[in-house]
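Source file: protein.txt; contents: compact mmCIF, C-alpha atoms (C1' of nucleotides).
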# COMPACT_ATOMS: atom_id res chain seq x y z
CA MET A 1 -68.84 -130.82 14.82
CA PRO A 2 -68.80 -128.05 12.35
CA GLU A 3 -71.22 -125.14 12.45
CA LEU A 4 -70.64 -121.59 11.28
CA ALA A 5 -67.57 -120.73 13.32
CA GLU A 6 -66.00 -124.17 13.25
CA VAL A 7 -66.24 -124.14 9.45
CA GLU A 8 -64.46 -120.79 9.35
CA PHE A 9 -61.75 -122.22 11.60
CA PHE A 10 -61.15 -125.15 9.27
CA ARG A 11 -61.22 -122.95 6.16
CA ARG A 12 -58.32 -120.91 7.51
CA ARG A 13 -56.26 -124.04 8.03
CA TRP A 14 -55.81 -124.28 4.28
CA ASP A 15 -54.63 -120.65 4.04
CA VAL A 16 -51.10 -121.94 4.42
CA GLY A 17 -51.40 -123.28 0.87
CA VAL A 18 -52.55 -120.04 -0.79
CA GLY A 19 -50.23 -119.02 -3.60
CA GLN A 20 -48.90 -122.54 -4.16
CA LYS A 21 -49.65 -124.94 -6.95
CA VAL A 22 -51.13 -128.37 -6.40
CA VAL A 23 -48.54 -130.85 -7.63
CA ASP A 24 -50.47 -134.05 -7.01
CA VAL A 25 -53.86 -135.28 -5.85
CA ALA A 26 -54.55 -138.41 -3.79
CA LEU A 27 -58.12 -139.44 -3.05
CA HIS A 28 -60.38 -142.29 -2.00
CA ALA A 29 -62.52 -142.21 -5.14
CA ASP A 30 -65.13 -144.71 -3.95
CA LYS A 31 -66.18 -142.70 -0.88
CA ARG A 32 -69.58 -141.10 -0.92
CA ILE A 33 -68.23 -137.62 -0.17
CA PHE A 34 -67.27 -137.51 -3.87
CA ARG A 35 -70.71 -138.46 -5.21
CA GLY A 36 -71.85 -136.43 -8.20
CA ASN A 37 -68.35 -135.46 -9.30
CA ASP A 38 -66.52 -136.05 -12.56
CA LEU A 39 -63.40 -137.37 -10.84
CA ALA A 40 -61.49 -138.02 -14.06
CA THR A 41 -61.64 -134.33 -14.99
CA PHE A 42 -60.96 -133.36 -11.39
CA GLN A 43 -57.74 -135.34 -11.26
CA ARG A 44 -56.65 -134.09 -14.67
CA VAL A 45 -57.29 -130.38 -14.07
CA LEU A 46 -56.28 -129.83 -10.46
CA PRO A 47 -52.55 -130.64 -10.70
CA GLY A 48 -50.82 -127.46 -11.82
CA ALA A 49 -53.57 -125.17 -10.51
CA LYS A 50 -52.62 -122.66 -7.83
CA LEU A 51 -54.78 -122.11 -4.73
CA VAL A 52 -55.79 -118.46 -4.96
CA GLY A 53 -58.18 -117.96 -2.03
CA SER A 54 -61.27 -119.21 -0.24
CA GLU A 55 -64.53 -118.19 1.38
CA ALA A 56 -66.94 -119.72 3.87
CA ARG A 57 -70.69 -119.10 3.83
CA GLY A 58 -72.67 -120.83 6.52
CA LYS A 59 -71.42 -124.41 6.57
CA GLN A 60 -70.18 -124.28 2.96
CA MET A 61 -66.67 -123.48 1.81
CA LEU A 62 -65.39 -122.64 -1.64
CA PHE A 63 -61.70 -122.86 -2.55
CA ARG A 64 -60.69 -121.01 -5.69
CA PHE A 65 -57.79 -122.14 -7.85
CA SER A 66 -56.22 -120.81 -11.04
CA HIS A 67 -57.16 -122.43 -14.39
CA ASP A 68 -60.90 -121.98 -13.62
CA VAL A 69 -60.85 -124.66 -10.93
CA TRP A 70 -63.11 -124.49 -7.86
CA LEU A 71 -63.51 -126.85 -4.94
CA GLY A 72 -66.56 -126.76 -2.68
CA VAL A 73 -66.31 -128.48 0.71
CA HIS A 74 -68.98 -129.35 3.27
CA LEU A 75 -67.71 -130.97 6.46
CA GLY A 76 -70.89 -132.84 7.40
CA MET A 77 -70.87 -134.04 10.99
CA THR A 78 -67.26 -135.13 11.43
CA GLY A 79 -65.26 -133.62 8.58
CA GLU A 80 -62.15 -131.52 9.11
CA LEU A 81 -59.48 -129.75 7.10
CA ARG A 82 -55.84 -129.68 8.11
CA HIS A 83 -52.37 -129.56 6.68
CA GLU A 84 -49.65 -132.13 6.93
CA PRO A 85 -46.04 -132.38 5.76
CA GLN A 86 -45.57 -132.79 2.02
CA GLU A 87 -44.45 -136.40 2.38
CA PHE A 88 -47.36 -137.70 4.39
CA SER A 89 -49.17 -140.95 3.93
CA PRO A 90 -52.94 -140.57 4.19
CA GLY A 91 -54.80 -142.41 6.95
CA LYS A 92 -58.00 -144.38 6.58
CA HIS A 93 -60.23 -141.28 6.81
CA ASP A 94 -58.03 -138.88 4.83
CA HIS A 95 -60.16 -138.97 1.70
CA LEU A 96 -58.63 -136.05 -0.19
CA VAL A 97 -55.00 -134.92 -0.15
CA LEU A 98 -53.76 -132.00 -2.25
CA ARG A 99 -49.98 -132.13 -2.31
CA GLN A 100 -48.22 -128.80 -2.70
CA SER A 101 -44.52 -128.00 -2.73
CA ARG A 102 -44.34 -127.15 0.98
CA GLN A 103 -47.19 -129.19 2.53
CA SER A 104 -50.26 -131.32 1.89
CA LEU A 105 -53.81 -130.04 2.35
CA VAL A 106 -56.05 -132.77 3.78
CA PHE A 107 -59.80 -133.33 4.01
CA SER A 108 -60.65 -136.02 6.53
CA ASP A 109 -64.08 -137.39 7.46
CA PRO A 110 -64.72 -140.63 9.42
CA ARG A 111 -68.50 -140.68 9.06
CA LEU A 112 -68.57 -139.61 5.42
CA PHE A 113 -71.47 -137.18 5.81
CA GLY A 114 -69.33 -134.45 4.30
CA ARG A 115 -69.14 -133.56 0.65
CA VAL A 116 -66.67 -132.31 -1.93
CA LEU A 117 -67.98 -130.58 -5.06
CA PHE A 118 -65.59 -129.99 -7.90
CA HIS A 119 -66.32 -127.29 -10.45
CA HIS A 120 -64.50 -126.30 -13.65
CA GLY A 121 -65.45 -122.98 -15.25
CA PRO A 122 -64.81 -119.22 -15.28
CA HIS A 123 -67.40 -118.40 -12.61
CA ALA A 124 -68.23 -119.73 -9.15
CA PRO A 125 -70.65 -122.70 -9.30
CA GLU A 126 -74.36 -121.99 -9.24
CA TRP A 127 -74.98 -123.76 -5.92
CA TRP A 128 -72.59 -121.26 -4.36
CA SER A 129 -74.08 -118.10 -5.85
CA ARG A 130 -77.56 -119.22 -4.84
CA LEU A 131 -76.73 -119.45 -1.12
CA PRO A 132 -78.77 -117.14 1.09
CA PRO A 133 -77.11 -114.08 2.70
CA ALA A 134 -74.88 -114.53 5.75
CA LEU A 135 -76.62 -114.02 9.10
CA THR A 136 -73.98 -111.42 9.91
CA SER A 137 -74.78 -109.35 6.80
CA ASP A 138 -77.11 -106.35 6.48
CA GLU A 139 -79.39 -108.44 4.28
CA PHE A 140 -80.37 -110.62 7.21
CA THR A 141 -83.16 -108.37 8.49
CA LEU A 142 -85.83 -108.87 11.13
CA ASP A 143 -88.54 -108.51 8.47
CA ARG A 144 -87.09 -111.24 6.27
CA MET A 145 -86.69 -113.49 9.27
CA MET A 146 -90.30 -112.99 10.34
CA ALA A 147 -91.50 -113.75 6.81
CA PHE A 148 -89.56 -117.04 6.89
CA LEU A 149 -90.97 -117.96 10.32
CA LYS A 150 -94.49 -117.37 8.98
CA ARG A 151 -93.88 -119.85 6.16
CA ARG A 152 -92.87 -122.46 8.75
CA SER A 153 -95.46 -121.40 11.27
CA ARG A 154 -96.38 -124.84 12.62
CA SER A 155 -92.85 -126.17 13.16
CA PRO A 156 -91.05 -125.92 16.46
CA LEU A 157 -88.59 -123.03 16.44
CA LYS A 158 -85.72 -125.38 17.18
CA GLY A 159 -86.26 -127.17 13.89
CA VAL A 160 -86.78 -123.97 11.91
CA LEU A 161 -83.50 -122.46 13.13
CA LEU A 162 -81.70 -125.49 11.70
CA GLN A 163 -83.04 -124.92 8.16
CA GLN A 164 -80.05 -123.98 6.05
CA GLU A 165 -82.18 -122.52 3.24
CA PHE A 166 -82.50 -119.45 5.47
CA PHE A 167 -80.56 -119.78 8.76
CA ILE A 168 -77.32 -120.59 7.03
CA GLY A 169 -74.61 -121.91 9.32
CA ILE A 170 -76.76 -122.52 12.41
CA GLY A 171 -76.36 -126.02 13.85
CA ASN A 172 -77.58 -127.82 16.92
CA TRP A 173 -75.60 -126.04 19.62
CA MET A 174 -76.08 -122.58 18.11
CA ALA A 175 -79.86 -123.06 17.83
CA ASP A 176 -80.08 -123.97 21.52
CA GLU A 177 -77.83 -121.06 22.48
CA ILE A 178 -79.97 -118.61 20.48
CA LEU A 179 -83.31 -119.72 21.95
CA TRP A 180 -81.87 -119.73 25.46
CA ARG A 181 -80.66 -116.13 25.08
CA ALA A 182 -83.98 -115.07 23.54
CA LYS A 183 -85.82 -116.82 26.42
CA ILE A 184 -88.04 -118.78 24.04
CA HIS A 185 -88.92 -122.45 24.55
CA PRO A 186 -87.55 -124.54 21.66
CA ARG A 187 -90.91 -126.25 21.10
CA ARG A 188 -92.83 -123.00 20.55
CA ALA A 189 -94.28 -122.87 17.03
CA ALA A 190 -92.44 -120.54 14.66
CA GLY A 191 -95.66 -118.74 13.73
CA CYS A 192 -96.70 -117.90 17.28
CA LEU A 193 -94.00 -115.36 18.16
CA ASP A 194 -95.09 -111.77 18.69
CA GLY A 195 -92.99 -108.91 17.33
CA ALA A 196 -90.99 -108.41 20.51
CA GLU A 197 -90.15 -112.13 20.78
CA ALA A 198 -89.07 -112.33 17.15
CA ARG A 199 -86.83 -109.33 17.73
CA GLU A 200 -85.18 -111.09 20.69
CA VAL A 201 -84.52 -114.15 18.52
CA TRP A 202 -83.05 -111.96 15.78
CA LYS A 203 -80.78 -110.17 18.25
CA ALA A 204 -79.66 -113.47 19.76
CA ILE A 205 -78.78 -114.81 16.31
CA ARG A 206 -76.58 -111.77 15.70
CA PHE A 207 -74.95 -112.10 19.11
CA VAL A 208 -74.27 -115.83 18.89
CA CYS A 209 -72.96 -115.70 15.32
CA ALA A 210 -70.63 -112.78 16.03
CA GLY A 211 -69.44 -114.27 19.32
CA ALA A 212 -68.84 -117.73 17.89
CA LEU A 213 -66.91 -116.33 14.94
CA ARG A 214 -64.77 -114.22 17.27
CA ILE A 215 -64.09 -116.92 19.85
CA VAL A 216 -64.27 -120.28 18.08
CA SER A 217 -62.88 -119.58 14.63
CA LYS A 218 -59.71 -117.99 16.00
CA ASP A 219 -58.24 -121.11 17.62
CA TYR A 220 -61.16 -123.48 18.25
CA SER A 221 -61.62 -122.23 21.82
CA ASP A 222 -64.87 -122.95 23.62
CA PRO A 223 -67.15 -120.01 24.43
CA PRO A 224 -66.95 -118.86 28.11
CA PRO A 225 -68.93 -120.54 30.95
CA SER A 226 -71.57 -117.81 30.71
CA TRP A 227 -72.75 -119.50 27.48
CA LEU A 228 -75.21 -122.40 27.48
CA PHE A 229 -72.71 -124.19 25.21
CA ARG A 230 -70.50 -125.12 28.16
CA HIS A 231 -73.29 -126.83 30.09
CA ARG A 232 -75.58 -128.37 27.51
CA TRP A 233 -73.90 -131.79 27.37
CA GLU A 234 -72.94 -132.05 31.05
CA LYS A 235 -74.81 -134.63 33.03
CA GLY A 236 -77.07 -132.61 35.32
CA GLY A 237 -75.96 -129.43 33.54
CA ARG A 238 -77.39 -126.19 34.93
CA CYS A 239 -78.43 -122.89 33.41
CA PRO A 240 -75.55 -120.40 33.75
CA LYS A 241 -78.05 -117.63 34.49
CA ASP A 242 -80.11 -119.08 37.34
CA GLY A 243 -78.73 -122.54 38.14
CA THR A 244 -81.89 -124.41 37.11
CA GLU A 245 -81.24 -127.93 35.86
CA LEU A 246 -81.47 -127.96 32.07
CA GLY A 247 -84.16 -129.87 30.22
CA ARG A 248 -83.12 -132.32 27.51
CA GLU A 249 -85.37 -133.80 24.85
CA THR A 250 -85.53 -134.46 21.16
CA ILE A 251 -87.18 -131.45 19.53
CA GLY A 252 -87.23 -130.79 15.80
CA GLY A 253 -85.48 -134.13 15.38
CA ARG A 254 -82.40 -133.21 17.42
CA THR A 255 -81.32 -133.44 21.04
CA THR A 256 -82.18 -130.09 22.57
CA ALA A 257 -81.15 -128.45 25.86
CA TRP A 258 -83.02 -125.55 27.43
CA CYS A 259 -83.65 -123.88 30.79
CA PRO A 260 -87.22 -124.62 31.99
CA GLN A 261 -87.08 -121.48 34.14
CA CYS A 262 -85.80 -118.97 31.57
CA GLN A 263 -87.69 -120.55 28.66
CA PRO A 264 -91.21 -121.47 29.81
CA GLU A 265 -93.27 -123.51 27.38
C1' DG B 498 -73.63 -154.44 23.18
C1' DG B 499 -76.66 -150.43 22.82
C1' DA B 500 -77.42 -145.74 22.58
C1' DG B 501 -76.04 -141.45 21.20
C1' DT B 502 -73.49 -137.98 18.15
C1' DT B 503 -72.50 -129.80 16.79
C1' DG B 504 -75.59 -132.65 9.36
C1' DT B 505 -78.25 -133.39 5.17
C1' DT B 506 -81.32 -135.86 2.07
C1' DT B 507 -85.30 -138.31 0.97
C1' DA B 508 -89.61 -140.83 1.30
C1' DG B 509 -94.02 -140.62 2.68
C1' DG B 510 -97.80 -138.83 5.47
C1' DA B 511 -100.69 -134.73 6.75
C1' DT C 269 -99.14 -128.11 -3.32
C1' DT C 270 -96.78 -127.34 0.73
C1' DC C 271 -95.27 -128.53 5.02
C1' DC C 272 -93.55 -131.69 8.47
C1' DT C 273 -91.38 -136.01 10.51
C1' DA C 274 -88.60 -139.99 10.72
C1' DA C 275 -85.26 -142.77 8.78
C1' DA C 276 -81.07 -143.44 6.37
C1' DC C 277 -76.33 -142.53 5.71
C1' DA C 278 -71.53 -144.53 8.65
C1' DA C 279 -68.05 -144.69 12.21
C1' DC C 280 -66.78 -143.82 16.57
C1' DT C 281 -67.26 -143.16 21.80
C1' DC C 282 -69.16 -143.96 26.27
For the structure just supplied, provide its representation as structure tokens.
Amino acid sequence: MPELAEVEFFRRRWDVGVGQKVVDVALHADKRIFRGNDLATFQRVLPGAKLVGSEARGKQMLFRFSHDVWLGVHLGMTGELRHEPQEFSPGKHDHLVLRQSRQSLVFSDPRLFGRVLFHHGPHAPEWWSRLPPALTSDEFTLDRMMAFLKRRSRSPLKGVLLQQEFFIGIGNWMADEILWRAKIHPRRAAGCLDGAEAREVWKAIRFVCAGALRIVSKDYSDPPPSWLFRHRWEKGGRCPKDGTELGRETIGGRTTAWCPQCQPE
DNA sequence: GGAGTTGTTTAGGA
DNA sequence: TTCCTAAACAACTC
């Protein structure tokens, strides 16, 4: 599920634990979401550390604790964060439980495509500081976007919008929503856009990111019916602008929905 | 039972 | 070298 706004929604669910110490840690150590971690140190250092705050950037989250402890979380396809009562027995997919005095913070992930990255040190981990700028920041400029599209000039735009090394936080539904609003066919090559078309894509990215963060991350509401989002998975779904039946195909390796009328090839 | 899923990594071909 | 695609990962739903 989680793209930009959904990730922000789940991050806030752990806010309830800010200011409280972790008193105990329960985890499924053999699950692949923990790969690459020094779990012995993790389990030794985390108890006693207080959750101080957190940030989300794209699909990544970073939770900051006292005692130089940091916890990175990626939700993959089916991960979620939630809180449960302090005395709570973890289910099959509840792979990480941080018990605090008033509740337990839980990371759950049935398909195990998510990831937890533990870090111990005075500064945020390097993988975090190297993330590209948020698409909602002033650093995400039309010029920088066009330079990236040029470097991927032969790929379909749909696939390029999913590349997290630049379009951080965009996932399958957001990419379709963006191209639909920019009136660009998802199979068009990234290098073939003229200046005006690139500008439409850039504006649509800003609009979709801001709208999703406002609507979805507040309480996990769906965007309104005027968005493609509400129709893209319906059988016989139609374009909310002109009623044309949507096209559906695999493009850039992912199932893609578009309006053949608004987005001519 | 088979196909499909809002994500990422990797192997291998172009 | 660099770019691009398909498969793999794993569990669940329709």
Emit as AutoDock Vina command-line options the padded axis-aligned box for all listed atoms of range 203-220 of chain A, 8 Å per side, with centre and edge lengths in Å to one decimal.
--center_x -69.5 --center_y -116.8 --center_z 17.2 --size_x 38.5 --size_y 29.3 --size_z 21.2
Mind running chain B against chain A at 12 Å and telling me each contacting residue's nearest atom pair with the distance in Å (one decimal), counting only C-alpha atoms (C1' of nucleotides), chain and number ascending, as a tab-separated table?
residue	atom	partner	partner_atom	distance
B:DG501	C1'	A:Thr255	CA	9.6
B:DT502	C1'	A:Met77	CA	8.6
B:DT503	C1'	A:Met1	CA	4.3
B:DG504	C1'	A:Gly76	CA	5.1
B:DT505	C1'	A:Gly76	CA	7.7
B:DT506	C1'	A:Phe113	CA	10.6
Prev. selection, C-alpha atoms (C1' of nucleotides), output as an mmCIF file, in the coordinates of the input:
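Dumped to again09.cif:
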data_model
loop_
_atom_site.group_PDB
_atom_site.id
_atom_site.type_symbol
_atom_site.label_atom_id
_atom_site.label_comp_id
_atom_site.auth_asym_id
_atom_site.auth_seq_id
_atom_site.Cartn_x
_atom_site.Cartn_y
_atom_site.Cartn_z
ATOM 1 C "C1'" DG B 501 -76.040 -141.450 21.200
ATOM 2 C "C1'" DT B 502 -73.490 -137.980 18.150
ATOM 3 C "C1'" DT B 503 -72.500 -129.800 16.790
ATOM 4 C "C1'" DG B 504 -75.590 -132.650 9.360
ATOM 5 C "C1'" DT B 505 -78.250 -133.390 5.170
ATOM 6 C "C1'" DT B 506 -81.320 -135.860 2.070
#
Residues at most 12 Å from DA275 in chain C, counting only C-alpha atoms (C1' of nucleotides), excluding those fewer than 2 positions away in the same chain, as a short mmCIF file (atom, residue, chain, number, x, y, z; two decimals) with C-alpha atoms (C1' of nucleotides), in the coordinates of the input?
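Everything below was put into part.cif:
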data_model
loop_
_atom_site.label_atom_id
_atom_site.label_comp_id
_atom_site.auth_asym_id
_atom_site.auth_seq_id
_atom_site.Cartn_x
_atom_site.Cartn_y
_atom_site.Cartn_z
CA GLY A 253 -85.48 -134.13 15.38
"C1'" DT B 506 -81.32 -135.86 2.07
"C1'" DT B 507 -85.30 -138.31 0.97
"C1'" DA B 508 -89.61 -140.83 1.30
"C1'" DG B 509 -94.02 -140.62 2.68
"C1'" DT C 273 -91.38 -136.01 10.51
"C1'" DC C 277 -76.33 -142.53 5.71
#
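Note that the spacing between CA of Val16 in chain A and CA of Val73 in chain A amounts to 17.0 Å.
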query = Mind pulling up the distance from CA of Trp180 in chain A to CA of Cys259 in chain A?
reply = 7.0 Å
message = Only residues of chain A matter here; which ones have an atom within 9 Å of chain C, counting only C-alpha atoms (C1' of nucleotides)? Give them as an NGL selection string.
response = :A and (110-113 or 151-152 or 154-155 or 252-253)
request  = Could you give me, as a list in words, the residues within 7 Å of Ser54 in chain A, counting all atoms listed in the file and dropping anything in the same chain fewer than 2 positions from it?
outcome  =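 Neighbouring residues, sequence-local ones excluded: Leu62, Phe63 and Arg64 of chain A.
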Using all atoms listed in the file: which of A:Gln60, A:Gln163, A:Thr141, A:Ser217 has the shortest distance to Arg199 in chain A = A:Thr141
task = Name the residues, using the chain letters and numbers of the file, that sit within 8 Å of (-80.7, -131.4, 26.8) when counting all atoms listed in the file, and give them as number ranges by chain.
result = A: 232-233, 246-249, 255-258
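One finds CA of Lys235 in chain A at 22.2 Å from C1' of DG498 in chain B.
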request  = Compile the contact shell of Leu96 in chain A as a list in words: residues with an atom at most 8 Å away, counting only C-alpha atoms (C1' of nucleotides), same-chain residues fewer than 2 positions apart removed.
outcome  =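 Selected residues are Val25, Ala26, Leu27, His28, Asp94, Leu98, Val106, Phe107 and Ser108 of chain A.
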